[in-house]
Amino acid sequence: MLEEPCIIQMNIDRFTAMLNLRLADDQRARIEQSLAEAHTQLGQAIQRLARAIEQDEQAEVCTQARPLPGRSHPRQSVSMIMRRWALVAFVAGATCGVVRSASAQDAAAGEAVFKSQCGICHSVQAGKNLVGPSLFGIVGRPAGKAPGFHYSPANRDSGLTWDAATLDRYLTSPGTVVPHTIMTYGGLKDAKKRADLIAYLSTLH
Ligand code: HEC
């Protein structure tokens with residue numbers, strides 16, 4: 001059995017130093033939260049994988065000749081070590097992925113854009129509709145699916161899915177992409193701000 005999956009407890013300072021990143025406080029707080037969630041899920045996944053590996057190894061040992069007394073079976077120990085390293089590499093990769101994607105696209109700047117441009121009509125809390133629908137989980141969601149929100153037929157029947165590219169076009173000029181939408185927002189013309197904003201929206205899951 002793997003004991004504690006120690007690599008996922010490497011703290012954020014070591015990761016940011018490794019990746020040569022400088023983080024603002026709020027970026028750091030969000031990354032810490034994402035990491036904590038990822039750690040919990042990965043920890044559970046590792047325990048399951050470790051159990052599966054153990055069972056698998058036992059099965060393998062049964063099909064092999066018994067090792068000499070007092071000596072472990074060489075084939076078994078090599079394959080166990082390799083699998084464990086594969087697991088550790090997977091965990092490290094997943095954890096680094098969280099850190100990289102969150103900072104590279106500057107979701108923190110996007111949150112500020114959201115507050116100034118969108119927050120008056122949209123909440124990011126799940127299920128909380130204001131003048132506009134909740135934008136929790138919006139990235140990747142088909143149009144018109146926030147529970148309890150009364151959409152215009154234009155939005156509801158648009159057939160769009162809010163992936164990053166579609167959001168980018170929509171937020172540039174909502175009325176062009178969804179004619180007759182009841183979202184009375186003129187559009188965000190600054191491409192960098194749109195990219196930051198979409199990076200922020202992608203974190204809302
Ligand atoms: C004046 C209020 C208002 C502002 C400001 C506003 N929205 Fe909206 N938004 C709405 C309304 C109302 C709808 C529903 C549109 C419809 O049904 O036609 C909507 C719909 C949307 C949708 C489609 C949601 C879905 O589930 O299909 C997205 C995405 C969206 N807004 C993003 C944004 C973003 C990002 C901003 C900031 C750049 C923004 N909105 C600013 C009111 C607003």
# chains A, B, ... in the order shown; residues from 1 in each chain; ligands from 1
$ residues_near_ligand --ligand "ligand 1" --cutoff "6 Å" --atoms "only C-alpha atoms and all ligand atoms" --output "PyMOL selection string"
chain A and resi 114+117-118+120-121+131-133+143-146+151-152+154-155+181-185
$ residues_around --residues "Lys115 in chain A" --least-positions-apart "6" --cutoff "12 Å" --atoms "only C-alpha atoms" --output "ChimeraX atom specification"
/A:108-109,121-124,197,200-201
$ residues_around --residues "Trp162 in chain A" --least-positions-apart "5" --cutoff "8 Å" --atoms "only C-alpha atoms" --output "PyMOL selection string"
chain A and resi 138-143+167
